[in-house]
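A.B. asks: Pasting run33.cif here (mmCIF, C-alpha atoms):
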```
data_upload
loop_
_atom_site.group_PDB
_atom_site.id
_atom_site.type_symbol
_atom_site.label_atom_id
_atom_site.label_comp_id
_atom_site.auth_asym_id
_atom_site.auth_seq_id
_atom_site.Cartn_x
_atom_site.Cartn_y
_atom_site.Cartn_z
ATOM 1 C CA MET A 22 -0.975 28.703 -37.383
ATOM 2 C CA ALA A 23 -3.510 26.353 -35.724
ATOM 3 C CA THR A 24 -2.381 23.154 -37.440
ATOM 4 C CA GLU A 25 1.339 23.131 -36.893
ATOM 5 C CA GLU A 26 3.318 20.070 -37.962
ATOM 6 C CA PHE A 27 5.584 18.307 -35.501
ATOM 7 C CA THR A 28 9.220 19.014 -36.000
ATOM 8 C CA TYR A 29 11.794 16.283 -35.671
ATOM 9 C CA LYS A 30 12.976 17.772 -32.365
ATOM 10 C CA GLN A 31 9.420 17.647 -30.953
ATOM 11 C CA TYR A 32 9.060 14.069 -32.179
ATOM 12 C CA LEU A 33 12.252 13.027 -30.355
ATOM 13 C CA ALA A 34 11.138 14.758 -27.144
ATOM 14 C CA MET A 35 7.738 13.046 -27.255
ATOM 15 C CA ASN A 36 9.392 9.704 -28.013
ATOM 16 C CA ARG A 37 11.695 10.073 -24.985
ATOM 17 C CA ILE A 38 8.771 10.913 -22.685
ATOM 18 C CA ILE A 39 6.755 7.911 -23.849
ATOM 19 C CA THR A 40 9.772 5.626 -23.477
ATOM 20 C CA LEU A 41 10.400 6.919 -19.950
ATOM 21 C CA LEU A 42 6.768 6.336 -18.962
ATOM 22 C CA VAL A 43 6.823 2.785 -20.318
ATOM 23 C CA LEU A 44 10.045 2.033 -18.427
ATOM 24 C CA CYS A 45 8.623 3.441 -15.177
ATOM 25 C CA PHE A 46 5.493 1.310 -15.403
ATOM 26 C CA SER A 47 7.599 -1.759 -16.231
ATOM 27 C CA VAL A 48 9.774 -1.252 -13.152
ATOM 28 C CA PHE A 49 6.715 -0.880 -10.910
ATOM 29 C CA GLN A 50 5.313 -4.148 -12.189
ATOM 30 C CA LEU A 51 8.630 -5.923 -11.665
ATOM 31 C CA CYS A 52 8.666 -4.808 -8.026
ATOM 32 C CA ALA A 53 5.207 -6.229 -7.310
ATOM 33 C CA GLN A 54 5.118 -9.756 -5.945
ATOM 34 C CA ASN A 55 2.334 -12.228 -5.313
ATOM 35 C CA ILE A 56 2.854 -14.705 -2.517
ATOM 36 C CA LYS A 57 0.388 -17.527 -2.050
ATOM 37 C CA GLY A 58 0.134 -19.627 1.062
ATOM 38 C CA GLN A 59 -1.778 -20.324 4.211
ATOM 39 C CA VAL A 60 -1.690 -18.380 7.472
ATOM 40 C CA VAL A 61 -1.938 -20.555 10.584
ATOM 41 C CA ASP A 62 -2.309 -19.759 14.279
ATOM 42 C CA GLU A 63 -0.407 -21.239 17.236
ATOM 43 C CA LEU A 64 -2.428 -24.457 17.031
ATOM 44 C CA GLN A 65 -1.637 -24.876 13.316
ATOM 45 C CA GLN A 66 -5.270 -24.116 12.400
ATOM 46 C CA SER A 67 -5.670 -22.204 9.174
ATOM 47 C CA MET A 68 -7.065 -18.682 9.444
ATOM 48 C CA PRO A 69 -9.668 -18.046 6.735
ATOM 49 C CA CYS A 70 -9.294 -14.242 6.657
ATOM 50 C CA ALA A 71 -5.875 -12.791 7.323
ATOM 51 C CA ASN A 72 -3.973 -9.797 5.997
ATOM 52 C CA VAL A 73 -0.205 -10.141 5.838
ATOM 53 C CA LEU A 74 2.176 -7.210 5.582
ATOM 54 C CA SER A 75 5.739 -7.684 4.481
ATOM 55 C CA ALA A 76 7.819 -4.828 5.865
ATOM 56 C CA SER A 77 11.469 -4.122 6.465
ATOM 57 C CA LYS A 78 12.893 -3.624 9.969
ATOM 58 C CA ASP A 79 13.141 0.149 9.402
ATOM 59 C CA ILE A 80 9.418 0.452 8.796
ATOM 60 C CA ILE A 81 8.570 -1.667 11.837
ATOM 61 C CA ASP A 82 10.857 0.425 14.065
ATOM 62 C CA ARG A 83 8.983 3.587 13.010
ATOM 63 C CA LEU A 84 5.670 2.119 14.189
#
```
Any chance you could give the structure as structure tokens?

C.D. replies:
Amino acid sequence: MATEEFTYKQYLAMNRIITLLVLCFSVFQLCAQNIKGQVVDELQQSMPCANVLSASKDIIDRL
């Protein structure tokens, strides 16, 4: 049959998958952080274009 109706078991499986995807995307957004501020050099002069990387000690040791 080409037009098969969803069974209750298929509905529950699809509902679980959608719920899992929504939870995953929510967790990723909770982990993201925006930090605003000003980067200055040794003379306390602001640097107009600077990229800042926040990394743990483990990541820095691998570099």

A.B. asks: Suppose you want the space between atom CA of A:Pro69 and atom CA of A:Lys57; what is it in Å?

C.D. replies: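 That distance, rounded to one decimal, is 13.4 Å.
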
A.B. asks: Report the distance between atom CA of A:Ile81 and atom CA of A:Asn55 in Å, rounded to one decimal place.

C.D. replies: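 Between these atoms lies a distance of 21.1 Å.
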
A.B. asks: Given all atoms listed in the file as the basis, pick out the residue of A:Val43, A:Met68, A:Val73, A:Ile38 nearest to A:Ile56.

C.D. replies: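 Closest to A:Ile56, using all atoms listed in the file: A:Val73.
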
A.B. asks: Using all atoms of stretch 55-74 of chain A listed in the file and a margin of 5 Å per side, can you give the axis-aligned box centre and edge lengths in Å to one decimal, as lines of an AutoDock Vina configuration file?

C.D. replies:
```
center_x = -3.4
center_y = -16.0
center_z = 6.0
size_x = 22.5
size_y = 27.7
size_z = 32.5
```

A.B. asks: Excluding A:Ala71 and any residue of its chain fewer than 3 positions from it, enumerate the residues within 10 Å of it, using all atoms listed in the file, and give them as an mmCIF file with C-alpha atoms, keeping the file's coordinate frame.

C.D. replies:
```
data_model
loop_
_atom_site.group_PDB
_atom_site.id
_atom_site.type_symbol
_atom_site.label_atom_id
_atom_site.label_comp_id
_atom_site.auth_asym_id
_atom_site.auth_seq_id
_atom_site.Cartn_x
_atom_site.Cartn_y
_atom_site.Cartn_z
ATOM 1 C CA GLN A 59 -1.778 -20.324 4.211
ATOM 2 C CA VAL A 60 -1.690 -18.380 7.472
ATOM 3 C CA VAL A 61 -1.938 -20.555 10.584
ATOM 4 C CA SER A 67 -5.670 -22.204 9.174
ATOM 5 C CA MET A 68 -7.065 -18.682 9.444
ATOM 6 C CA LEU A 74 2.176 -7.210 5.582
#
```

A.B. asks: State, in Å with one decimal place, the distance from atom CA of A:Ser77 to atom CA of A:Val48.

C.D. replies: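 Taking atom CA of A:Ser77 as the start and atom CA of A:Val48 as the end point, the length is 19.9 Å.
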
A.B. asks: Measuring between all atoms listed in the file, which one of A:Asn72, A:Glu26, A:Tyr32, A:Cys45 shows the shortest distance to A:Gly58?

C.D. replies: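 Nearest to A:Gly58: A:Asn72.
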
A.B. asks: Is there a way to complete stretch 44-79 of chain A with N, CA and C atoms and then write that out as a short mmCIF file (atom, residue, chain, number, x, y, z; two decimals), in the frame of the given file?

C.D. replies:
```
data_model
loop_
_atom_site.label_atom_id
_atom_site.label_comp_id
_atom_site.auth_asym_id
_atom_site.auth_seq_id
_atom_site.Cartn_x
_atom_site.Cartn_y
_atom_site.Cartn_z
N LEU A 44 9.04 2.62 -19.32
CA LEU A 44 10.04 2.03 -18.43
C LEU A 44 9.64 2.14 -16.96
N CYS A 45 9.06 3.27 -16.57
CA CYS A 45 8.62 3.44 -15.18
C CYS A 45 7.55 2.43 -14.82
N PHE A 46 6.56 2.27 -15.68
CA PHE A 46 5.49 1.31 -15.40
C PHE A 46 6.02 -0.11 -15.39
N SER A 47 7.02 -0.42 -16.22
CA SER A 47 7.60 -1.76 -16.23
C SER A 47 8.32 -2.05 -14.93
N VAL A 48 9.04 -1.07 -14.40
CA VAL A 48 9.77 -1.25 -13.15
C VAL A 48 8.80 -1.46 -12.00
N PHE A 49 7.70 -0.71 -11.98
CA PHE A 49 6.72 -0.88 -10.91
C PHE A 49 6.12 -2.28 -10.93
N GLN A 50 5.88 -2.81 -12.11
CA GLN A 50 5.31 -4.15 -12.19
C GLN A 50 6.34 -5.21 -11.80
N LEU A 51 7.60 -4.97 -12.06
CA LEU A 51 8.63 -5.92 -11.66
C LEU A 51 8.80 -5.97 -10.16
N CYS A 52 8.53 -4.86 -9.48
CA CYS A 52 8.67 -4.81 -8.03
C CYS A 52 7.51 -5.49 -7.31
N ALA A 53 6.37 -5.60 -7.94
CA ALA A 53 5.21 -6.23 -7.31
C ALA A 53 5.41 -7.74 -7.23
N GLN A 54 4.98 -8.31 -6.14
CA GLN A 54 5.12 -9.76 -5.94
C GLN A 54 3.82 -10.33 -5.40
N ASN A 55 3.48 -11.50 -5.85
CA ASN A 55 2.33 -12.23 -5.31
C ASN A 55 2.86 -13.44 -4.57
N ILE A 56 2.45 -13.57 -3.34
CA ILE A 56 2.85 -14.70 -2.52
C ILE A 56 1.59 -15.45 -2.12
N LYS A 57 1.55 -16.72 -2.41
CA LYS A 57 0.39 -17.53 -2.05
C LYS A 57 0.78 -18.49 -0.95
N GLY A 58 -0.13 -18.71 -0.03
CA GLY A 58 0.13 -19.63 1.06
C GLY A 58 -1.02 -19.65 2.04
N GLN A 59 -0.75 -20.18 3.19
CA GLN A 59 -1.78 -20.32 4.21
C GLN A 59 -1.25 -19.77 5.52
N VAL A 60 -2.05 -18.94 6.18
CA VAL A 60 -1.69 -18.38 7.47
C VAL A 60 -2.30 -19.27 8.55
N VAL A 61 -1.46 -19.68 9.51
CA VAL A 61 -1.94 -20.56 10.58
C VAL A 61 -1.69 -19.89 11.93
N ASP A 62 -2.49 -20.28 12.93
CA ASP A 62 -2.31 -19.76 14.28
C ASP A 62 -1.38 -20.68 15.07
N GLU A 63 -1.32 -20.46 16.40
CA GLU A 63 -0.41 -21.24 17.24
C GLU A 63 -0.75 -22.72 17.26
N LEU A 64 -1.99 -23.05 17.02
CA LEU A 64 -2.43 -24.46 17.03
C LEU A 64 -2.40 -25.08 15.64
N GLN A 65 -1.74 -24.41 14.70
CA GLN A 65 -1.64 -24.88 13.32
C GLN A 65 -2.99 -25.00 12.63
N GLN A 66 -3.96 -24.17 13.04
CA GLN A 66 -5.27 -24.12 12.40
C GLN A 66 -5.23 -22.97 11.39
N SER A 67 -5.72 -23.25 10.20
CA SER A 67 -5.67 -22.20 9.17
C SER A 67 -6.64 -21.08 9.51
N MET A 68 -6.24 -19.86 9.20
CA MET A 68 -7.06 -18.68 9.44
C MET A 68 -7.69 -18.29 8.11
N PRO A 69 -9.02 -18.29 8.02
CA PRO A 69 -9.67 -18.05 6.74
C PRO A 69 -9.48 -16.62 6.21
N CYS A 70 -9.43 -15.64 7.08
CA CYS A 70 -9.29 -14.24 6.66
C CYS A 70 -8.13 -13.62 7.40
N ALA A 71 -7.04 -13.40 6.69
CA ALA A 71 -5.88 -12.79 7.32
C ALA A 71 -5.19 -11.87 6.33
N ASN A 72 -4.76 -10.72 6.80
CA ASN A 72 -3.97 -9.80 6.00
C ASN A 72 -2.54 -9.89 6.46
N VAL A 73 -1.62 -10.00 5.52
CA VAL A 73 -0.20 -10.14 5.84
C VAL A 73 0.54 -8.96 5.23
N LEU A 74 1.38 -8.34 6.04
CA LEU A 74 2.18 -7.21 5.58
C LEU A 74 3.64 -7.60 5.63
N SER A 75 4.31 -7.43 4.53
CA SER A 75 5.74 -7.68 4.48
C SER A 75 6.45 -6.33 4.57
N ALA A 76 7.18 -6.12 5.65
CA ALA A 76 7.82 -4.83 5.86
C ALA A 76 9.26 -5.04 6.32
N SER A 77 10.08 -4.06 6.02
CA SER A 77 11.47 -4.12 6.46
C SER A 77 11.56 -3.70 7.93
N LYS A 78 12.70 -3.95 8.55
CA LYS A 78 12.89 -3.62 9.97
C LYS A 78 12.78 -2.12 10.20
N ASP A 79 13.22 -1.30 9.25
CA ASP A 79 13.14 0.15 9.40
C ASP A 79 11.70 0.61 9.53
#
```
